[in-house]
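Enquirer: Here's a structure for you.
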Amino acid sequence: MLRQARLLAAAGSLLLLLSALTVWSCYRGKPQTQPPASSVQATTAPLVRTPVLSLPACGSDGGALDINCPAFPNTTPTAQPQWDYFAWNSFIAANWPAVNPASNNEQRGFPNLNQRFTSANPNSLLTWETFKEKRELFLYPAAIPPAPAVIPQPWNAAPSYGPVSGQIPLCPSSPSPSAAAVHRGNPLAPRRFFGTGGEILDSLDETVQVASEALESQGQLCSGVPNPMCGTSSQADCCLVQHLPVGPRVWKGSPVKPNPQPVIYEVKVNYDFYNYVIHNQYYLDAITKGVNGAPGAAANDLIQLPYRTSAAAGPGTKNPNRAAGYNAESVATYDGSITPTSNLLPMPVGAVHLKAAWMLLQNEDPTKYHTAEAAYFKTENNKRCMAYGTFGLIGLHIIQRIHQGNGAAGNPPGGTFIFATWEHIDNDAAGFTFSDFFSGQPFEGPPKRGFYPSPASAIPVKRQFPILPRTVAVNNAVHAAISRVNPNSVWLNYQLIGTQFQAITVPPMPIQGNPNDPTNIGQPLFLANLVIETNAGLQNFQGLPPLTAAIPHFQGNVATNHTLHFNRTTNNMSFNGSGHNMGGCMGCHGVAQSRGFSFSFVLLGGQAGADVDTEKNFTVPPQPGQ
């Protein structure tokens, strides 16, 4: 193999390997053919992506670093750290400076080939930032038939966040947004909006992390002021949230300091994901679509998000319509010459999800962060209003549906998802804190809703599993390659935390050897991003959460668990036909797979998931003196 030859030629030297790599560029697009709502034909066929001839000088091996390629890599890596290089190549493609949609006919998802990854300024608009935010795809009210439902905007349309945008006034203290931050000069129409949801006046979207098990000690959870929501309950009873589902909320420093800095999240999906949802009308809820909607499709094993492949054929499927789909769409080569009147669609690269963690910058050096100007919610004079500010990127997930193998000897068929996550290098020492938000249980009496511990006693954030040595070596090699081109690159401030590419079952406790790499394949068993999966439950994730119904065709041995405790005794995902109780990102998203939603919580939540990831009504910590 070409990759093996490169590795041998490098004689074990990562630096020589990096200098020997070729440059490649293979971006393609499709003409704009957004059909009217009446002509959209639902199909459950996955998009089969086969190799195409590339433009000159772009290699096809995702297992060797290439800092000069704006295209997502092919799926040829077979071992670690090759998957870490695959992940970095994906990071490079996603974070390539973008063609600005605002001045180019709202063309979204295109890299600017006149720029380079290493030359990006801290405030450059990046390719992934022009993808669709999940609220653009799902936050549209479904109407009860026969009234028509609202159709999401075409891919090449200005950002729209549903009914919230424009309904909340601008804060009197808000700085005036730049022209690039708004649509057509309207400050109430932000192009980036961190903090919108269905509950306009009582919602801070994407501020609480996904539900997880409270594994902190009772002393940690109960420290500080007793929860005011407990009413007449004793403090001890009020604090009994261990092993119950909570949603961590994270701040830099104390949550009750003046002008606190909560971490805010943003979820994006690429064109293939968007197109698949549109063609199948999965943006509609179950009321409108009935059994034919996403829940019905999931129950019948029909949801298979598009994958990309370097093999000749796709994986097998129960779906009889797999051969149908969009393969007949015409394809036009994208050579970087987009004009203000261009009308293309991005290169098909399979389903890609991204989840970013942002922090409103205050005293930080903005040159050390990738930054974005965005609108967000705040409260002034006891009223909710919208303000603009500069946010710094502190965490990023990239989740990709890929297919690997054509069935030949030594190259088995099968599709999977690759989970990779990055953090800002200062996260460990930045002084982040967290508190677990508990929303109560349906079987309880008076709710104990609130933060555990109270925000005034928030718990310091601590990484429970260090980055694996092989990934550290890859990070060092990548940083060395970037530094040789641009020693001041903002990307030198970001590090890969790990890549999950293969499902393994969590071994019996205690784990022998390295507890985060028990199989010694260089893959973190408990992959977690410090500012996206923060508390002990998420950093040690395994098993099924409570009240989760498993789809029988995935896990016949897993019954609906109506207990209040997390289930560690059954499989949470299926991989290559076998069930696994997996840890980390793959195991967590495996819960969505086990329910038939192709590893996608965005699809599983649908319109409900577009409001917020977890909790949409919670008390913002009070400020001193208020």
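Starting from 1 in every chain, residues are counted up; chains themselves are A, B, ... following the order of the structure tokens, and ligands are numbered from 1 as listed.
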I'd like the neighbourhood of A:Leu361 as JSON, numbers by chain, where a residue qualifies if any of its atoms comes within 7 Å (using only C-alpha atoms), though same-chain residues fewer than 4 positions away should be ignored.
Expert: {"A": [390, 391, 392]}
Enquirer: Output C-alpha atoms for every residue in that selection, as a tab-separated table (two decimals), in the first residue's frame.
Expert:
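part-v2.tsv, written as the output of this step:
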chain	number	residue	atom	x	y	z
A	390	THR	CA	-16.77	37.61	20.53
A	391	PHE	CA	-16.63	33.93	21.40
A	392	GLY	CA	-13.57	31.70	21.52
Enquirer: May I have all residues of stretch 333-565 of chain A that DSSP, computed from the backbone, assigns to alpha helix (DSSP H), given as a list in words?
Expert: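 Secondary structure check on stretch 333-565 of chain A, alpha helix (DSSP H): Pro469, Arg470, Thr471, Val472, Ala473, Val474, Asn475, Asn476, Ala477, Val478, His479, Ala480, Ala481, Ile482, Ser483, Arg484, Val485, Ala536, Gly537, Leu538 and Gln539 of chain A.
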Enquirer: As a ChimeraX atom specification, please: the residues near A:Ser598 (cut-off 8 Å, only C-alpha atoms, same-chain neighbours under 5 positions excluded).
Expert: /A:303-305,592-593
Enquirer: Let me see the file: selected residues, C-alpha atoms, as a JSON list (two decimals), in the first residue's frame.
Expert:
[["chain", "number", "residue", "atom", "x", "y", "z"],
["A", 303, "ILE", "CA", -32.43, 5.17, 8.63],
["A", 304, "GLN", "CA", -28.90, 4.98, 7.29],
["A", 305, "LEU", "CA", -27.18, 8.31, 7.06],
["A", 592, "ALA", "CA", -29.14, 6.73, 19.35],
["A", 593, "GLN", "CA", -28.06, 3.87, 17.08]]
Enquirer: Can you pull out every residue within 10 Å of A:Gln220, counting only C-alpha atoms, but drop anything in the same chain fewer than 6 positions away, and send it as a PyMOL selection string?
Expert: chain A and resi 239+435+452-453+457-459
Enquirer: Using only C-alpha atoms, which of the listed residues (A:Ser594, A:Gln495, A:Thr416, A:Thr570) sits closest to A:Asp428?
Expert: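 Of A:Ser594, A:Gln495, A:Thr416, A:Thr570, the one nearest A:Asp428, counting only C-alpha atoms, is A:Gln495.
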Enquirer: Could you give me, as a ChimeraX atom specification, the residues within 12 Å of A:Leu137, counting only C-alpha atoms and dropping anything in the same chain fewer than 6 positions from it?
Expert: /A:131,150-155,157,159-162,267-271,273-278,281-284,602-603,605-611
Enquirer: Would you pick out the contacts of A:Gly247 at 8 Å or less, using only C-alpha atoms, so that residues sharing its chain but fewer than 3 positions from it are not included, and give the list as a ChimeraX atom specification?
Expert: /A:208-212,436-438,614-615
Enquirer: How would you write, as an NGL selection string, the set of residues in stretch 372-500 of chain A that DSSP gives as strand (DSSP E or B)?
Expert: :A and (372-380 or 383-403 or 415-424 or 432-438 or 450-452 or 459-460 or 494-500)
Enquirer: Could those selected residues go to a file with C-alpha atoms, as a PDB file, in the first residue's frame?
Expert:
ATOM      1  CA  ALA A 372     -16.652  34.041  16.114  1.00  0.00           C
ATOM      2  CA  GLU A 373     -18.849  37.106  16.470  1.00  0.00           C
ATOM      3  CA  ALA A 374     -22.299  35.920  17.477  1.00  0.00           C
ATOM      4  CA  ALA A 375     -25.534  36.946  19.131  1.00  0.00           C
ATOM      5  CA  TYR A 376     -26.545  35.446  22.454  1.00  0.00           C
ATOM      6  CA  PHE A 377     -29.124  35.875  25.214  1.00  0.00           C
ATOM      7  CA  LYS A 378     -28.560  37.853  28.377  1.00  0.00           C
ATOM      8  CA  THR A 379     -30.715  39.581  30.980  1.00  0.00           C
ATOM      9  CA  GLU A 380     -30.747  43.343  31.521  1.00  0.00           C
ATOM     10  CA  LYS A 383     -35.677  41.375  30.779  1.00  0.00           C
ATOM     11  CA  ARG A 384     -34.317  38.885  28.292  1.00  0.00           C
ATOM     12  CA  CYS A 385     -32.543  40.539  25.377  1.00  0.00           C
ATOM     13  CA  MET A 386     -30.026  39.768  22.656  1.00  0.00           C
ATOM     14  CA  ALA A 387     -26.422  40.975  22.615  1.00  0.00           C
ATOM     15  CA  TYR A 388     -23.399  40.506  20.379  1.00  0.00           C
ATOM     16  CA  GLY A 389     -19.994  39.366  21.532  1.00  0.00           C
ATOM     17  CA  THR A 390     -16.770  37.613  20.526  1.00  0.00           C
ATOM     18  CA  PHE A 391     -16.632  33.927  21.401  1.00  0.00           C
ATOM     19  CA  GLY A 392     -13.572  31.700  21.518  1.00  0.00           C
ATOM     20  CA  LEU A 393     -13.614  28.074  20.347  1.00  0.00           C
ATOM     21  CA  ILE A 394     -12.590  25.763  23.200  1.00  0.00           C
ATOM     22  CA  GLY A 395     -13.826  22.366  21.981  1.00  0.00           C
ATOM     23  CA  LEU A 396     -14.880  20.635  18.753  1.00  0.00           C
ATOM     24  CA  HIS A 397     -16.349  17.210  17.924  1.00  0.00           C
ATOM     25  CA  ILE A 398     -16.248  15.878  14.348  1.00  0.00           C
ATOM     26  CA  ILE A 399     -18.445  12.803  13.788  1.00  0.00           C
ATOM     27  CA  GLN A 400     -18.400  11.186  10.341  1.00  0.00           C
ATOM     28  CA  ARG A 401     -20.273   8.286   8.749  1.00  0.00           C
ATOM     29  CA  ILE A 402     -17.773   6.283   6.727  1.00  0.00           C
ATOM     30  CA  HIS A 403     -17.648   2.976   4.908  1.00  0.00           C
ATOM     31  CA  GLY A 415     -19.902   0.952   7.779  1.00  0.00           C
ATOM     32  CA  THR A 416     -19.304   2.857  10.976  1.00  0.00           C
ATOM     33  CA  PHE A 417     -18.888   6.303  12.464  1.00  0.00           C
ATOM     34  CA  ILE A 418     -15.584   7.928  13.363  1.00  0.00           C
ATOM     35  CA  PHE A 419     -15.620  10.065  16.506  1.00  0.00           C
ATOM     36  CA  ALA A 420     -12.816  12.580  17.054  1.00  0.00           C
ATOM     37  CA  THR A 421     -12.592  15.537  19.402  1.00  0.00           C
ATOM     38  CA  TRP A 422     -10.280  18.530  19.927  1.00  0.00           C
ATOM     39  CA  GLU A 423      -9.744  21.024  22.732  1.00  0.00           C
ATOM     40  CA  HIS A 424      -7.948  24.271  23.282  1.00  0.00           C
ATOM     41  CA  PHE A 432     -13.371  25.571  34.420  1.00  0.00           C
ATOM     42  CA  THR A 433     -16.030  24.544  36.917  1.00  0.00           C
ATOM     43  CA  PHE A 434     -19.269  22.597  36.591  1.00  0.00           C
ATOM     44  CA  SER A 435     -22.494  21.819  38.388  1.00  0.00           C
ATOM     45  CA  ASP A 436     -24.889  18.972  37.568  1.00  0.00           C
ATOM     46  CA  PHE A 437     -28.373  20.188  36.649  1.00  0.00           C
ATOM     47  CA  PHE A 438     -31.127  17.833  37.829  1.00  0.00           C
ATOM     48  CA  GLY A 450     -31.787  22.604  40.308  1.00  0.00           C
ATOM     49  CA  PHE A 451     -27.998  22.525  40.342  1.00  0.00           C
ATOM     50  CA  TYR A 452     -25.938  20.006  42.331  1.00  0.00           C
ATOM     51  CA  ILE A 459     -16.859  21.601  41.200  1.00  0.00           C
ATOM     52  CA  PRO A 460     -13.453  22.214  39.554  1.00  0.00           C
ATOM     53  CA  TYR A 494      -5.614  23.093  19.630  1.00  0.00           C
ATOM     54  CA  GLN A 495      -4.961  19.429  20.314  1.00  0.00           C
ATOM     55  CA  LEU A 496      -6.659  16.175  19.372  1.00  0.00           C
ATOM     56  CA  ILE A 497      -7.929  14.414  22.490  1.00  0.00           C
ATOM     57  CA  GLY A 498      -8.570  11.117  20.745  1.00  0.00           C
ATOM     58  CA  THR A 499     -10.275   9.173  17.969  1.00  0.00           C
ATOM     59  CA  GLN A 500     -12.718   6.289  18.335  1.00  0.00           C
TER      60      GLN A 500
END
Enquirer: Could you check which of A:Thr367, A:Asn343, A:Thr75, A:Asn540 is closest to A:Gly584, using only C-alpha atoms?
Expert: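 Of all the options, A:Asn540 lies closest to A:Gly584.
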Enquirer: Just checking: using only C-alpha atoms, which residue out of A:Asn121, A:Phe194, A:Leu530, A:Ala87 ends up closest to A:Ile425?
Expert: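 Of A:Asn121, A:Phe194, A:Leu530, A:Ala87, the one nearest A:Ile425, counting only C-alpha atoms, is A:Leu530.
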Enquirer: Mind giving me the straight-line distance from atom CA of A:Val531 to atom CA of A:Leu492 in Å, one decimal?
Expert: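 Taking atom CA of A:Val531 and atom CA of A:Leu492, their separation equals 18.6 Å.
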Enquirer: Fewer than 5 positions away in the same chain doesn't count, so skip those; otherwise give me all residues within 10 Å of A:Asn514, counting only C-alpha atoms, as a list in words.
Expert: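 Contacts, with the query itself left out: Phe465, Leu468, Thr519, Asn520, Pro524 and Leu525 of chain A.
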Enquirer: Write the residues of the preceding selection, restricted to N, CA and C atoms, as a compact mmCIF listing (two decimals), in the first residue's frame.
Expert:
# COMPACT_ATOMS: atom_id res chain seq x y z
N PHE A 465 -8.98 11.01 32.38
CA PHE A 465 -8.14 10.11 31.59
C PHE A 465 -7.22 10.95 30.71
N LEU A 468 -3.87 9.72 25.30
CA LEU A 468 -3.01 8.55 25.12
C LEU A 468 -1.69 8.95 24.46
N THR A 519 -7.29 -2.55 25.31
CA THR A 519 -6.93 -3.44 24.21
C THR A 519 -5.62 -3.05 23.55
N ASN A 520 -5.00 -1.96 24.02
CA ASN A 520 -3.70 -1.50 23.51
C ASN A 520 -3.72 -1.25 22.01
N PRO A 524 -8.90 5.61 22.85
CA PRO A 524 -9.41 5.82 24.20
C PRO A 524 -10.76 5.14 24.39
N LEU A 525 -10.84 4.33 25.42
CA LEU A 525 -12.09 3.65 25.73
C LEU A 525 -13.14 4.64 26.21
Enquirer: So which one's closest to A:Ser178, A:Tyr307, A:Gly596, A:Arg192, A:Phe601? Using only C-alpha atoms, please.
Expert: A:Arg192
Enquirer: My list of candidates is A:Gln80, A:Phe86, A:Gln523, A:Tyr265. Which is closest to A:Leu65 when distances are computed with only C-alpha atoms?
Expert: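 Answer, going by the shortest atom-to-atom distance: A:Phe86.
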Enquirer: Measuring between only C-alpha atoms, which one of A:Gln107, A:Asn74, A:Asn493, A:Ser119 shows the shortest distance to A:Pro366?
Expert: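 Checking each candidate against A:Pro366, we get A:Asn493 as the closest.
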